[in-house]
Structures are given as C-alpha cells and as structure tokens.
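Participant: I'd like to ask some things about the structure below.
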Amino acid sequence: MRLKNTLIWGMILLLLAVFVYYYEVKGGRERQKTAEAAKHIFTFEEPDINKLELQYADTHIQCIKADTGAWRLVKPVDSAGDSKAIQGVIATLKEAIIERKLDVSDQTPAAYGLDNPQLKLVIASKDKEYKLLLGNRNPMGNLMYAKREADSQLFLLNPGLLDSFKRDVFELRDKRVISVPEVEVTQIELDYPERKLILTNDVQAGWQISYPDKLKADPDEVSSLIRQINSLRVKEFIAEKTDKPAAFGLAKPTLSLTVTAGKDQLQRRLLIGRRDKEKQGIYARRGERPQIMLLDTKVTTKLTKEIFDLRERRILKFDTVWVNELELDYPERALQLKKEGGDWQLVKPEKAPAKGYMVESLIYGLAYLKATAFIEGKPKPDAVYGFDKPQVKATLKLLQGDQSSTLSLLVGASAGQDDKSVYVRRNDGRIFMVPKDIVEQLSKKPADLKRDIAKD
C-alpha cells in the first residue's frame with residue numbers, strides 16, 4: 001500500500017514538473033516572445049521582402065529585389081540599387097518598436113498629420129504588403145504620431161525613425177563605378193591621350209604588361225590597381241543622359257579605362273572627362289551607360305600609371321620557406337647561417353644558435369627588395385657601380401624538394417645625386433638601383449644574430 005502511494009505521488013510530481021516546464025518555462029518564453037512581437041510595428045522576415053517604397057513631399061522612390069537578391073531602383077530612375085542602404089531601411093523597420101499605443105482612432109487624421117503624412121513607407125513580400133504612415137510630432141515634441149495604413153489604431157514612435165527611413169534617390173542608388181571580382185579580371189587597358197598601357201593576365205605566367213613593352217607585371221601592384229578601380233564611387237549623378245558629351249570633356253576623354261573580366265569576357269569601360277573646379281570633381285561616364293557622373297578628383301591619381309609603376313620590381317624572386325642557407329660577405333669579415341632541423345644556426349665565424357626571427361627578417365627583406373630604377377643597356381666597368389669594392393654580398397641557397405639553387409646580390413656604391421639609392425647586381429648580371437637602407441639592413445655582426453640560450 002505504501003509503495004502504491006509512493007508511485008502515485010511520484011506520478012503527481014512528474015505531471016507537475018511537466019506542467020511547470022510547458023506552462024511556466026516554455027510557455028513563458030512563448031508569451032515573452034509574443035509580448036515582444038506586439039511592441040514591433042510589423043513582424044516579418046527580412047529575406048522575404050522584395051519591395052520597398054518611400055513617398056514623401058514630391059518624391060516617390062520604388063525599389064525591387066530581383067531573384068538573384070540584388071536590389072534595383074525602378075522609380076524615379078532605373079538604376080542598380082545600393083543593397084546595403086536598402087536593406088538598412090528594412091532592418092530598421094523590422095526592429096522599430098511602438099513607444100505607446102493611443103486610445104484614439106484616425107477619425108481626424110489631420111490633427112495628427114496623417115492626412116498628408118511626412119512619410120509613407122511600404123514594404124512587401126511575395127504575398128503580403130506592409131504600409132506605415134508617419135505624421136506630426138506630439139505636443140511634447142519627443143514622439144511622433146504614426147499608424148499602419150490598414151488599421152485605425154494610432155501609436156507613437158521615436159521621431160528619429162523618420163531620419164532613418166527617409167532616404168533620397170542618391171542614398172539608395174548603387175554608387176559603385178565599376179564592380180568586378182579581382183579573380184575574374186583578365187585584362188586592364190589604360191588609354192591616355194598620348195600613350196596606352198595594357199595589362200594581361202596570362203594563365204601560365206600571371207600578370208604581364210603586354211603593351212607597349214612586354215614585361216612581367218608586379219602582381220601586388222596590379223591587385224592594388226584593381227582594388228582602386230573597385231573603390232571608385234560616384235560623388236553625384238549629374239545627368240541621366242546627354243547628347244553633348246563634349247560639355248563634360250567626354251568627347252575626348254583624358255583617360256579611357258577598360259576592364260575585361262569573367263567567362264564571357266565582358267568589358268566595362270570608364271571614360272574620364274574634364275575637371276569641374278566649382279563642383280570639386282571630375283566628370284565621367286561608363287561606356288555602356290548614358291549617365292554622367294561626378295567622381296572625386298583623386299580618380300586621376302588612382303588611375304594614372306606608368307610602366308615603372310606596374311612592372312615587376314622585385315630583384316630576387318623566391319619563396320622564403322625554400323631558403324636553408326644565408327651568407328653575408330663584408331670587406332673584412334663574413335657571416336654564414338644554416339637551417340638545421342628547422343632552427344637557424346650561426347656557423348661562421350663561430351658556431352652558435354641564431355635568432356630565427358632576425359634571420360627570417362633578413363631573408364624577407366631580400367625577397368621583397370624592389371628596384372627604384374633599372375640599369376639598361378651595356379653595363380659600365382665595375383668601379384662605376386662600386387662592385388669592385390662591394391659593401392656586402394648576400395648569397396641565398398634554396399632547397400625546394402630535390403631541387404637546389406643559389407641566388408646572390410652584390411651591393412655596390414651609392415647611386416644618384418640624392419644619395420638615397422645604391423647599385424646592386426644580381427647573379428645573372430642585371431643591375432638595379434635600390435633604397436640605400438638595404439646596406440644597414442644587411443650589416444650585421446655575430447652578436448646581433450646569436451641567440452642567448454640563457455634567456456630562452
């Protein structure tokens with residue numbers, strides 16, 4: 001009998017626990033969720049929204065989202081939309097909450113400024129539309145009257161929402177001049193009045209200057225150029241179209257940029273026209289679009305390039321992980337470092353563990369040393385460049401799998417009148433000018449490189 005009573009009480013306690021969980025815990029969460037949702041003006045899922053309309057004063061803006069997810073303006077102009085700005089308006093509406101509901105209806109909308117609202121905001125999904133009207137501020141001035149168009153219930157909102165919702169055409173319009181993924185770019189053509197530069201991305205050899213000279217291009221510089229192109233933004237849309245391009249200096253542009261990209265080799269062309277001092281900008285037009293744009297005056301600086309700016313200027317081109325030996329020969333002494341078991345060791349003039357980070361810094365400096373000038377033509381005698389009495393000779397031994405190779409760089413005398421450069425000669429005989437600080441970077445003593453084991 002006692003066991004039976006114990007089982008009955010156990011069942012009762014279990015049922016109570018289940019009731020408490022579902023009603024108090026889970027149900028409490030649902031009730032809280034419902035209460036929070038009731039505070040919001042609308043409840044919707046952002047990804048479902050495919051239309052945004054803003055109506056205020058004499059402005060009517062309409063934006064539509066394509067199946068691809070990209071937004072487009074369709075009123076008052078037909079143009080690509082700024083998806084981030086449009087989504088920002090929608091996100092703000094989703095999070096907007098009602099400050100206070102009023103016990104009045106919209107029987108006298110003029111009293112609240114809702115007969116001619118400051119803003120009518122409309123969003124829509126595939127099967128539902130949401131409309132919000134924003135009216136006058138309340139007598140205290142700290143809140144704003146509002147209502148859903150489909151309801152008679154009036155409520156008060158934070159007046160700051162009006163500024164968050166009210167966007168002009170320029171703010172919602174895509175202001176990117178050219179937008180293309182860097183990895184898809186296959187050719188860049190820069191056509192100036194007196195010269196032309198063409199960069200081509202070769203599948204095997206990488207980026208090349210293909211015109212006017214055939215030279216290897218610096219991939220970092222090309223990458224930087226593409227980023228600069230993608231960073232261009234419209235400062236102002238001057239006209240949707242014109243039959244007088246000469247008025248903007250576009251009949252004979254100061255620069256024509258053509259970017260070819262993608263599997264379909266689509267070309268995007270940008271024409272740069274004249275500078276407008278009053279507007280503090282430069283007129284431009286996308287070759288395939290009729291709109292006249294005003295860009296920042298810095299566009300000419302970003303897009304004006306010389307062969308030297310874009311050609312490969314690294315002296316020694318190698319991967320730093322391949323290096324397993326470094327020698328530095330000075331007029332009166334020499335240093336030799338070897339990688340043994342993954343650690344760097346000083347082996348000459350004495351044997352001692354080396355500071356790995358110091359050795360790697362030396363190697364990195366050599367790997368990314370860039371020419372400030374190229375010495376072309378037949379070289380002069382060594383004494384002219386200081387190679388008869390070099391300041392330092394750096395020798396790198398590389399091991400890549402079973403393949404070994406050696407690179408060397410001879411640092412000679414100061415070059416140029418400004419005394420900011422020195423001559424260097426690669427082991428293939430090519431001569432360059434490089435920043436003079438390479439001498440200081442390579443001038444090391446054993447004490448600089450030895451690792452203090454006692455402090456490790």
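Simple scheme: letters A, B, ... for chains in structure tokens order, numbers from 1 for residues in each chain, numbers from 1 for ligands in the order shown.
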Name the residues in contact with range 158-171 of chain A at a cut-off of 10 Å, using only C-alpha atoms, excluding same-chain residues fewer than 4 positions from it; report them as a VMD selection string.
Facilitator: chain A and resid 54 to 56 59 to 62 73 75 to 77 79 81 to 82 85 to 86 88 to 90 92 to 93 96 to 100 118 to 121 134 to 138 141 to 146 175 234 to 237
Participant: Name the residues in contact with range 313-318 of chain A at a cut-off of 12 Å, using only C-alpha atoms, excluding same-chain residues fewer than 5 positions from it; report them as a count of residues only.
Facilitator: 48
Participant: Any idea what's packed within 7 Å of Ser210 in chain A, counting only C-alpha atoms, ignoring anything in its chain fewer than 3 positions away? Could you give it as a list in words?
Facilitator: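 Here the answer would be Ile198, Leu199, Thr200, Asp213, Lys214 and Leu215 of chain A.
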Participant: Could you give me, as a PyMOL selection string, each residue of range 106-296 of chain A that DSSP assigns to strand (DSSP E or B) when run on this structure's backbone?
Facilitator: chain A and resi 119-124+129-137+144-148+154-157+173+176+185-191+196-202+206-211+215-217+233-239+255-261+266-276+281-286+292-295
Participant: In Å, with one decimal, what is the gap from CA of Lys393 in chain A to CA of Arg311 in chain A?
Facilitator: 25.5 Å
Participant: Identify, with DSSP run on backbone atoms, the residues in range 127-296 of chain A assigned to alpha helix (DSSP H), and express the list as a PyMOL selection string.
Facilitator: chain A and resi 160-165+169-172+219-231
Participant: What would the file look like if the residues just selected were written as a compact mmCIF listing (two decimals), in the first residue's frame with C-alpha atoms?
Facilitator:
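Generated file (out-v9.txt):
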# COMPACT_ATOMS: atom_id res chain seq x y z
CA GLY A 160 14.46 59.61 -35.03
CA LEU A 161 12.94 56.84 -37.15
CA LEU A 162 11.88 59.45 -39.71
CA ASP A 163 15.53 60.25 -40.45
CA SER A 164 16.38 56.55 -40.57
CA PHE A 165 13.60 55.79 -43.06
CA VAL A 169 17.44 58.58 -54.54
CA PHE A 170 21.20 59.10 -54.31
CA GLU A 171 21.44 57.27 -50.98
CA LEU A 172 19.57 54.23 -52.30
CA PRO A 219 51.05 41.16 -59.15
CA ASP A 220 50.80 43.24 -55.97
CA GLU A 221 50.65 46.47 -57.98
CA VAL A 222 48.03 45.04 -60.34
CA SER A 223 46.00 43.82 -57.38
CA SER A 224 46.23 47.30 -55.86
CA LEU A 225 45.08 48.85 -59.15
CA ILE A 226 42.04 46.56 -59.30
CA ARG A 227 41.16 47.44 -55.71
CA GLN A 228 41.46 51.14 -56.57
CA ILE A 229 39.14 50.65 -59.56
CA ASN A 230 36.60 48.83 -57.38
CA SER A 231 36.83 51.56 -54.73
Participant: One decimal, in Å: what's the spacing between CA of Lys351 in chain A and CA of Gly401 in chain A?
Facilitator: 26.7 Å
Participant: May I have a table of the residues of range 301-351 of chain A lying at most 12 Å from range 271-282 of chain A, giving each one's closest pair of atoms and their distance in Å to one decimal, counting only C-alpha atoms, ordered by chain and ascending residue number, as a Markdown table?
Facilitator:
| residue | atom | partner | partner_atom | distance |
| --- | --- | --- | --- | --- |
| A:Thr301 | CA | A:Ile282 | CA | 11.8 |
| A:Leu303 | CA | A:Ile272 | CA | 10.0 |
| A:Thr304 | CA | A:Ile272 | CA | 11.3 |
Participant: Calculate how many Å separate CA of Thr260 in chain A from CA of Ile188 in chain A, rounding to one decimal.
Facilitator: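 About the pair CA of Thr260 in chain A and CA of Ile188 in chain A: they are 6.4 Å apart.
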Participant: Have a look at A:Glu95, A:Glu360, A:Glu340, A:Asp418 and name the one nearest to Thr320 in chain A; count only C-alpha atoms.
Facilitator: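 So, comparing all the options, the nearest one is A:Glu360.
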Participant: As a list in words, please: the residues near Gln345 in chain A (cut-off 10 Å, only C-alpha atoms, same-chain neighbours under 5 positions excluded).
Facilitator: Glu325, Gln336, Leu337, Lys338, Lys339, Glu340, Glu350, Lys351, Ala352, Pro353, Ala354, Lys355, Gly356, Val359, Leu449, Lys450 and Arg451 of chain A
Participant: Using only C-alpha atoms, find the one residue out of A:Lys101, A:Glu46, A:Gln208, A:Arg286 that sits nearest to Leu250 in chain A.
Facilitator: A:Arg286
